[in-house]
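Shown below: protein_32.csv, with CSV, C-alpha atoms.
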chain,number,residue,atom,x,y,z
S,29,MET,CA,49.6,185.9,117.3
S,30,ARG,CA,51.8,182.8,117.6
S,31,ARG,CA,53.1,183.5,114.2
S,32,ASP,CA,54.1,187.0,115.2
S,33,GLN,CA,56.1,185.8,118.2
S,34,THR,CA,58.6,183.9,115.9
S,35,GLU,CA,58.5,186.2,112.9
S,36,LEU,CA,60.1,189.2,114.6
S,37,PRO,CA,63.2,187.3,116.0
S,38,SER,CA,63.5,185.5,112.6
S,39,LEU,CA,63.6,188.9,110.8
S,40,ALA,CA,66.1,190.2,113.3
S,41,LEU,CA,68.3,187.2,112.7
S,42,CYS,CA,68.0,187.5,109.0
S,43,ALA,CA,69.0,191.2,109.3
S,44,LEU,CA,72.0,190.4,111.5
S,45,PHE,CA,73.0,187.7,109.0
S,46,ALA,CA,72.8,190.2,106.1
S,47,VAL,CA,74.8,192.8,108.1
S,48,LEU,CA,77.5,190.3,108.9
S,49,ALA,CA,77.6,189.1,105.3
S,50,ILE,CA,77.9,192.6,103.9
S,51,GLY,CA,80.6,193.5,106.6
S,52,VAL,CA,82.7,190.5,105.7
S,53,THR,CA,82.4,191.2,102.0
S,54,LEU,CA,83.4,194.8,102.4
S,55,LEU,CA,86.3,193.9,104.7
S,56,SER,CA,87.5,191.2,102.2
S,57,GLY,CA,87.3,193.7,99.3
S,58,GLY,CA,89.3,196.3,101.3
S,59,VAL,CA,92.1,193.9,102.3
S,60,TYR,CA,92.3,192.4,98.8
S,61,ARG,CA,92.7,195.8,97.3
S,62,GLN,CA,95.4,196.7,99.8
S,63,CYS,CA,97.3,193.5,99.2
S,64,THR,CA,97.1,193.8,95.4
S,65,THR,CA,98.2,197.5,95.5
S,66,ARG,CA,101.1,196.7,97.8
S,67,ALA,CA,102.1,193.7,95.7
S,68,GLU,CA,102.0,195.8,92.5
S,69,LYS,CA,104.1,198.6,94.1
S,70,THR,CA,106.6,196.2,95.5
S,71,GLY,CA,106.8,194.2,92.2
S,72,THR,CA,107.4,197.3,90.2
S,73,GLY,CA,110.2,198.6,92.5
S,74,ARG,CA,111.8,195.2,92.7
S,75,THR,CA,111.7,194.7,88.9
S,76,ALA,CA,113.0,198.2,88.3
S,77,LEU,CA,116.0,197.9,90.6
S,78,SER,CA,116.8,194.3,89.5
S,79,TYR,CA,116.7,195.4,85.8
S,80,LEU,CA,119.0,198.4,86.4
S,81,THR,CA,121.4,196.4,88.6
S,82,ASN,CA,121.6,193.6,85.9
S,83,GLN,CA,122.1,196.1,83.1
S,84,LEU,CA,124.9,197.7,85.1
S,85,ARG,CA,126.5,194.3,85.8
S,86,ARG,CA,126.5,193.2,82.2
S,87,SER,CA,128.0,196.6,81.1
S,88,ASP,CA,130.6,196.5,83.9
S,89,ARG,CA,133.6,197.2,81.6
S,90,ALA,CA,136.2,200.0,81.5
S,91,GLY,CA,134.5,203.1,80.1
S,92,ALA,CA,131.2,201.4,79.3
S,93,VAL,CA,129.0,203.1,82.0
S,94,GLU,CA,128.2,206.8,81.9
S,95,VAL,CA,125.9,208.9,84.1
S,96,THR,CA,124.3,211.4,81.8
S,97,SER,CA,121.1,213.5,81.3
S,98,PHE,CA,118.3,212.5,78.9
S,99,GLY,CA,114.6,213.1,78.7
S,100,GLY,CA,114.8,215.9,81.3
S,101,GLY,CA,116.3,213.8,84.0
S,102,ASP,CA,119.2,211.6,85.0
S,103,ALA,CA,120.0,208.7,82.7
S,104,LEU,CA,122.5,205.8,82.4
S,105,ARG,CA,124.3,205.4,79.1
S,106,LEU,CA,125.7,201.8,78.7
S,107,GLU,CA,128.0,201.0,75.9
S,108,GLN,CA,126.9,198.0,73.9
S,109,GLU,CA,128.6,196.4,70.9
S,110,GLU,CA,130.6,198.7,68.7
S,111,GLY,CA,128.7,201.8,67.6
S,112,TYR,CA,125.6,201.1,69.8
S,113,GLU,CA,124.5,202.3,73.2
S,114,LEU,CA,121.7,201.6,75.7
S,115,LEU,CA,120.1,204.5,77.4
S,116,LEU,CA,118.0,204.0,80.6
S,117,TYR,CA,115.9,206.9,81.8
S,118,CYS,CA,112.5,208.0,82.9
S,119,TYR,CA,110.3,210.0,80.6
S,120,ASP,CA,106.6,210.8,80.6
S,121,GLY,CA,105.9,208.7,83.7
S,122,GLN,CA,107.6,205.6,82.3
S,123,PHE,CA,110.9,204.0,82.8
S,124,ARG,CA,112.3,203.6,79.3
S,125,GLU,CA,115.2,201.9,77.5
S,126,LEU,CA,116.5,203.1,74.2
S,127,TYR,CA,118.9,200.9,72.2
S,128,ALA,CA,120.4,203.0,69.4
S,129,GLY,CA,123.5,203.9,67.5
S,130,VAL,CA,125.9,206.4,69.1
S,131,ASP,CA,124.8,209.9,68.1
S,132,SER,CA,121.8,208.5,66.3
S,133,GLY,CA,119.8,211.6,67.2
S,134,ALA,CA,117.0,209.6,69.0
S,135,VAL,CA,114.6,211.6,71.2
S,136,PRO,CA,113.3,210.5,74.6
S,137,ALA,CA,110.0,209.4,73.3
S,138,ASP,CA,111.7,206.8,71.0
S,139,GLY,CA,112.5,204.7,74.0
S,140,THR,CA,110.6,201.5,74.8
S,141,ALA,CA,108.4,202.0,78.0
S,142,LEU,CA,109.1,199.2,80.4
S,143,PHE,CA,107.1,200.1,83.5
S,144,PRO,CA,105.6,203.2,85.2
S,145,MET,CA,108.2,205.3,87.1
S,146,GLU,CA,108.3,209.0,87.5
S,147,VAL,CA,111.9,209.9,88.3
S,148,MET,CA,115.3,208.1,88.2
S,149,SER,CA,118.1,209.7,90.1
S,150,VAL,CA,121.6,208.5,89.4
S,151,ARG,CA,124.8,209.5,91.2
S,152,ALA,CA,128.3,208.2,90.6
S,153,ARG,CA,131.0,208.3,93.3
S,154,SER,CA,134.2,206.5,92.9
S,155,SER,CA,133.3,203.0,91.6
S,156,ARG,CA,129.8,203.2,93.1
S,157,ILE,CA,126.6,204.1,91.4
S,158,PHE,CA,123.6,205.2,93.5
S,159,LEU,CA,120.2,204.6,92.0
S,160,ALA,CA,117.0,206.0,93.3
S,161,LEU,CA,113.6,205.5,91.6
S,162,THR,CA,110.5,207.4,92.5
S,163,ALA,CA,107.1,205.9,91.6
S,164,SER,CA,104.0,208.0,90.7
S,165,ASP,CA,102.7,207.4,94.3
S,166,GLY,CA,105.9,209.0,95.7
S,167,GLY,CA,107.4,205.7,96.9
S,168,THR,CA,111.1,205.5,96.4
S,169,TRP,CA,113.4,202.5,95.8
S,170,GLU,CA,117.1,202.9,96.3
S,171,THR,CA,120.1,200.7,95.8
S,172,SER,CA,123.9,201.1,95.3
S,173,VAL,CA,126.0,199.1,92.8
S,174,SER,CA,129.7,198.8,93.1
S,175,LEU,CA,131.3,198.3,89.7
S,176,ARG,CA,133.7,195.4,89.6
S,177,CYS,CA,136.0,197.1,87.1
S,178,GLY,CA,136.4,200.1,89.4
S,179,GLU,CA,136.4,203.8,88.6
S,180,SER,CA,137.5,203.3,85.0
S,181,ALA,CA,134.0,202.3,84.0
S,182,LEU,CA,132.8,205.9,84.6
L,3,MET,CA,54.3,177.0,117.4
L,4,ARG,CA,56.7,174.1,117.2
L,5,GLY,CA,57.3,174.8,113.5
L,6,GLY,CA,58.1,178.4,114.3
L,7,ARG,CA,60.4,177.6,117.1
L,8,SER,CA,62.3,175.0,115.1
L,9,ARG,CA,62.7,177.5,112.3
L,10,LEU,CA,64.0,180.1,114.7
L,11,LEU,CA,66.5,177.5,116.1
L,12,GLU,CA,67.6,176.7,112.6
L,13,LEU,CA,68.2,180.4,111.9
L,14,VAL,CA,70.2,180.7,115.1
L,15,LEU,CA,72.3,177.7,114.2
L,16,ASP,CA,72.8,179.1,110.7
L,17,LEU,CA,74.0,182.4,112.1
L,18,CYS,CA,76.4,180.6,114.5
L,19,VAL,CA,77.9,178.6,111.6
L,20,PHE,CA,78.1,181.8,109.5
L,21,ALA,CA,79.7,183.7,112.4
L,22,VAL,CA,82.4,181.0,112.7
L,23,CYS,CA,83.1,181.1,109.0
L,24,ALA,CA,83.2,184.9,109.1
L,25,LEU,CA,85.7,184.8,111.9
L,26,ILE,CA,87.9,182.4,110.0
L,27,CYS,CA,87.7,184.7,107.0
L,28,VAL,CA,88.6,187.7,109.0
L,29,LEU,CA,91.6,185.9,110.5
L,30,LEU,CA,92.7,184.8,107.0
L,31,LEU,CA,92.4,188.4,105.8
L,32,VAL,CA,94.4,189.7,108.7
L,33,ARG,CA,97.1,187.1,108.0
L,34,ALA,CA,97.1,188.0,104.3
L,35,GLY,CA,97.6,191.7,105.2
L,36,THR,CA,100.5,190.8,107.6
L,37,ILE,CA,102.2,188.6,104.9
L,38,SER,CA,101.7,191.3,102.3
L,39,ARG,CA,103.4,193.9,104.6
L,40,GLY,CA,106.1,191.4,105.5
L,41,SER,CA,106.8,190.8,101.8
L,42,GLU,CA,107.3,194.5,101.1
L,43,ARG,CA,109.5,194.8,104.2
L,44,LEU,CA,111.6,191.9,103.0
L,45,THR,CA,112.0,193.4,99.5
L,46,ARG,CA,113.2,196.7,101.0
L,47,ALA,CA,115.5,194.8,103.4
L,48,VAL,CA,117.1,192.9,100.6
L,49,TYR,CA,117.9,196.1,98.8
L,50,LEU,CA,119.2,197.8,101.9
L,51,ALA,CA,121.4,194.9,102.7
L,52,GLN,CA,122.6,194.8,99.0
L,53,THR,CA,123.4,198.6,99.2
L,54,LEU,CA,125.4,198.1,102.4
L,55,ALA,CA,127.3,195.2,101.0
L,56,GLU,CA,128.1,197.0,97.7
L,57,ASP,CA,129.2,200.1,99.6
L,58,TRP,CA,131.6,198.0,101.7
L,59,LYS,CA,132.9,196.2,98.7
L,60,ALA,CA,133.7,199.6,97.2
L,61,GLY,CA,135.7,200.5,100.2
L,62,GLU,CA,133.2,202.1,102.7
L,63,ALA,CA,134.3,201.8,106.3
L,64,ALA,CA,132.8,199.3,108.7
L,65,PRO,CA,131.0,198.8,111.0
L,66,ARG,CA,128.2,200.9,109.6
L,67,THR,CA,124.5,201.3,110.5
L,68,VAL,CA,121.9,202.8,108.2
L,69,GLU,CA,118.3,203.6,108.9
L,70,GLU,CA,115.8,203.4,106.1
L,71,GLU,CA,112.1,203.9,106.9
L,72,GLU,CA,111.4,201.3,109.6
L,73,LEU,CA,114.4,199.2,108.8
L,74,THR,CA,117.9,199.3,110.3
L,75,GLY,CA,120.8,197.8,108.4
L,76,GLU,CA,124.0,197.0,110.1
L,77,LEU,CA,127.3,195.9,108.5
L,78,ARG,CA,130.2,194.6,110.5
L,79,GLU,CA,133.4,192.9,109.5
L,80,THR,CA,134.0,189.3,110.4
L,81,GLU,CA,137.3,187.7,111.5
L,82,GLY,CA,137.8,186.1,108.2
L,83,GLY,CA,138.2,189.4,106.4
L,84,GLY,CA,134.7,189.5,105.1
L,85,ALA,CA,131.6,191.2,106.3
L,86,GLU,CA,128.1,190.3,107.5
L,87,VAL,CA,125.0,192.4,106.9
L,88,THR,CA,121.9,192.2,109.1
L,89,VAL,CA,118.7,194.1,108.5
L,90,THR,CA,116.3,194.4,111.4
L,91,TRP,CA,112.8,195.7,111.9
L,92,ASN,CA,111.7,196.5,115.5
L,93,GLY,CA,114.6,194.4,116.7
L,94,GLU,CA,113.5,191.4,114.6
L,95,THR,CA,115.9,190.2,111.9
L,96,VAL,CA,114.4,190.5,108.5
L,97,TYR,CA,117.3,189.7,106.2
L,98,THR,CA,120.9,188.6,106.6
L,99,ILE,CA,123.8,188.3,104.2
L,100,GLY,CA,126.2,185.9,105.9
L,101,GLU,CA,129.4,186.5,104.0
L,102,VAL,CA,130.4,189.4,101.8
L,103,ARG,CA,133.8,189.7,100.2
L,104,ARG,CA,135.5,192.7,98.7
L,105,ASN,CA,136.0,193.0,95.0
L,106,GLU,CA,139.3,191.5,94.0
L,107,GLY,CA,141.8,193.3,91.8

How does this structure look as structure tokens?
Amino acid sequence: MRRDQTELPSLALCALFAVLAIGVTLLSGGVYRQCTTRAEKTGTGRTALSYLTNQLRRSDRAGAVEVTSFGGGDALRLEQEEGYELLLYCYDGQFRELYAGVDSGAVPADGTALFPMEVMSVRARSSRIFLALTASDGGTWETSVSLRCGESAL
Amino acid sequence: MRGGRSRLLELVLDLCVFAVCALICVLLLVRAGTISRGSERLTRAVYLAQTLAEDWKAGEAAPRTVEEEELTGELRETEGGGAEVTVTWNGETVYTIGEVRRNEG
């Protein structure tokens, strides 16, 4: 009888302990997943925009930047050393770069996939280039680059 | 009886210690979530500020205010001929570019 008096509260406490432990574990898992997903999304967007901005900056010369169409969407064609060009575009759910000779006949699938990205939208106005990237989850990342060499780059 | 009571007391104390640890964990998780959201907000603020600055450099008029999702970017010209960009979220400054200059030549 005495034994029963302490056994029930002990079991109740153990059950409470277990419920709390499971709750904290589930909560931790949820928050960890949210944080990693958000960090991944932010990281991809930041990397993509930084990459595009830097490629534009290093090609910021008269006539070296062209907004074109490739792989079924907008693309940036950046002139490299003589006879070569760098194409930046989205194809098959990936952001790709294609370094090839001018008029080499390369197809969109030839480009090197850099990171997942669904759509790249590029608009040129005056000396400005507007870049908008849409990820597979629908999140968009936008920026604007003002070319130092002015309109003559386009 | 004494053994049973002391065991019960021990369990209660264990549970209290665990509850304190769990509370600390939950607070840390909440903080982690806040920092994570702040990090994304800051990244977006940096690009919004960069866009405003680049637009102004290319000849866009000032002052200019742009709203993007929860962020508000504001560009205003300074007395020295430059411009200052401030990005806010709910009235709180998230990111600032202190001095922007137009492209020369």

Excluding range 147-153 of chain S and any residue of its chain fewer than 6 positions from it, enumerate the residues within 9 Å of it, using only C-alpha atoms, and give them as a VMD selection string. chain S and resid 94 to 96 101 to 104 117 to 119 121 to 123 159 to 164 179 182

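With only C-alpha atoms as the atoms that count, the minimum distance from chain S to the choices L:Cys18, L:Thr98, L:Ala47, L:Ala60 is reached by L:Ala60.
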
Please identify all residues of chain L having at least one atom at most 6 Å from any atom of chain S, considering only C-alpha atoms, and return them as a ChimeraX atom specification. /L:6,10,38,42,49,53,56,60

I'd like the contact shell of range 67-80 of chain L - 8 Å cut-off, only C-alpha atoms, skipping same-chain residues fewer than 2 positions apart - returned as a PyMOL selection string. chain L and resi 47+50-51+54-55+64-65+82-92

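The two atoms in question, CA of Gln83 in chain S and CA of Ala137 in chain S, are spaced 20.5 Å apart.
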
Residues within 10 Å of Leu115 in chain S, all atoms listed in the file, excluding chain neighbours under 4 positions, as a list in words: Glu94, Val95, Thr96, Ser97, Phe98, Ala103, Leu104, Arg105, Leu106, Glu107, Arg124, Glu125, Leu126, Tyr127, Ala128, Pro136 and Gly139 of chain S

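CA of Leu116 in chain S sits 12.2 Å away from CA of Asn82 in chain S.
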
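CA of Thr72 in chain S lies 13.0 Å from CA of Gly166 in chain S.
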
Between S:Ala76, S:Leu114, S:Ile50, S:Leu84, which is the closest to Phe143 in chain S once you count all atoms listed in the file? S:Ala76

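Closest approach to Pro144 in chain S among S:Ala90, S:Asp165, S:Val47, S:Thr81 is made by S:Asp165 (distances from all atoms listed in the file).
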